[in-house]
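Here's the structure, in structure tokens; my notes come after.
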Amino acid sequence: MTAHFALHSTRDLLRRARSLPSTLEPTENILDGVTPRQLEIMMKLCEGKVNKQIAYELGVTTATVKAHIRFAIKRLGAKNRVHAVAMVAANAALHRPQQAAEMGLCA
């Protein structure tokens, strides 16, 4: 599964979720379990950026970016990087709708 596929799957999931009754409210923000820097890097991954791009933008090494991603995957309980990106994108759309809309995660 590619990150591009995960992003489109997340968009489809969010479209279907909009049709659910409004009594269903999201209760847990899984992003509370990651550090602000990990979240920042994961959100950049959601935008489709690669490790080298993220490292350049943040002024750190690619090894540092990889370490943040690895620890974020563990904290989120994700199976892999793509799963973590999909989890962050979906959760951001639910708990940070303005930021998710700016990133193009939801219409």
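Every chain in the structure tokens takes a letter, A first, then B, and so on in the order presented; its residues are numbered from 1, and the ligands are numbered from 1 following the presented order.
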
Neighbouring residues of Val85 (chain A) were defined as those with any atom within 7 Å, considering only C-alpha atoms; residues of the same chain fewer than 3 positions away were excluded. Please report them as a PDB file with N, CA, C and O atoms, in the first residue's frame.
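What landed in part-v5.pdb:
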ATOM      1  N   MET A  42       4.813  13.766  11.274  1.00  0.00           N
ATOM      2  CA  MET A  42       3.770  12.895  10.717  1.00  0.00           C
ATOM      3  C   MET A  42       2.816  13.693   9.827  1.00  0.00           C
ATOM      4  O   MET A  42       2.363  13.203   8.793  1.00  0.00           O
ATOM      5  N   LEU A  45       4.385  14.116   6.572  1.00  0.00           N
ATOM      6  CA  LEU A  45       4.250  12.876   5.798  1.00  0.00           C
ATOM      7  C   LEU A  45       2.855  12.800   5.166  1.00  0.00           C
ATOM      8  O   LEU A  45       2.713  12.342   4.037  1.00  0.00           O
ATOM      9  N   CYS A  46       1.853  13.246   5.897  1.00  0.00           N
ATOM     10  CA  CYS A  46       0.484  13.259   5.365  1.00  0.00           C
ATOM     11  C   CYS A  46       0.378  14.163   4.141  1.00  0.00           C
ATOM     12  O   CYS A  46      -0.448  13.930   3.262  1.00  0.00           O
ATOM     13  N   ARG A  81       4.694   2.461   8.540  1.00  0.00           N
ATOM     14  CA  ARG A  81       4.677   3.896   8.252  1.00  0.00           C
ATOM     15  C   ARG A  81       3.382   4.326   7.552  1.00  0.00           C
ATOM     16  O   ARG A  81       2.784   5.343   7.903  1.00  0.00           O
ATOM     17  N   VAL A  82       2.947   3.548   6.588  1.00  0.00           N
ATOM     18  CA  VAL A  82       1.738   3.893   5.836  1.00  0.00           C
ATOM     19  C   VAL A  82       0.517   3.844   6.755  1.00  0.00           C
ATOM     20  O   VAL A  82      -0.344   4.727   6.702  1.00  0.00           O
ATOM     21  N   VAL A  88      -2.948   9.108  11.336  1.00  0.00           N
ATOM     22  CA  VAL A  88      -2.773  10.532  11.637  1.00  0.00           C
ATOM     23  C   VAL A  88      -3.691  11.377  10.757  1.00  0.00           C
ATOM     24  O   VAL A  88      -4.335  12.312  11.232  1.00  0.00           O
ATOM     25  N   ALA A  89      -3.776  11.035   9.472  1.00  0.00           N
ATOM     26  CA  ALA A  89      -4.628  11.804   8.554  1.00  0.00           C
ATOM     27  C   ALA A  89      -6.091  11.722   8.973  1.00  0.00           C
ATOM     28  O   ALA A  89      -6.794  12.736   9.022  1.00  0.00           O
TER      29      ALA A  89
END

For Ala63 (chain A): contacts at 12 Å, only C-alpha atoms, fewer than 6 positions along chain excluded, given as number ranges by chain: A: 51-52, 54-56, 69-70

Take the residues just selected and output them with C-alpha atoms as a PDB file, in the first residue's frame.
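Writing the result to result_34.pdb gives the following:
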ATOM      1  CA  ASN A  51      12.178  12.235   4.802  1.00  0.00           C
ATOM      2  CA  LYS A  52      14.824  14.325   3.045  1.00  0.00           C
ATOM      3  CA  ILE A  54      11.150  17.130   5.981  1.00  0.00           C
ATOM      4  CA  ALA A  55      14.716  17.125   7.303  1.00  0.00           C
ATOM      5  CA  TYR A  56      15.614  20.117   5.136  1.00  0.00           C
ATOM      6  CA  ILE A  69       8.773   8.490  12.624  1.00  0.00           C
ATOM      7  CA  ARG A  70       9.835   5.189  14.204  1.00  0.00           C
TER       8      ARG A  70
END

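For the pair CA of Gly59 (chain A) and CA of Leu94 (chain A), the separation is 29.7 Å.
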
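Minimum atom-to-atom distances from A:Val65, A:Pro36, A:Lys49, A:Ile30 to Ala84 (chain A) were compared using only C-alpha atoms, and the lowest value belongs to A:Ile30.
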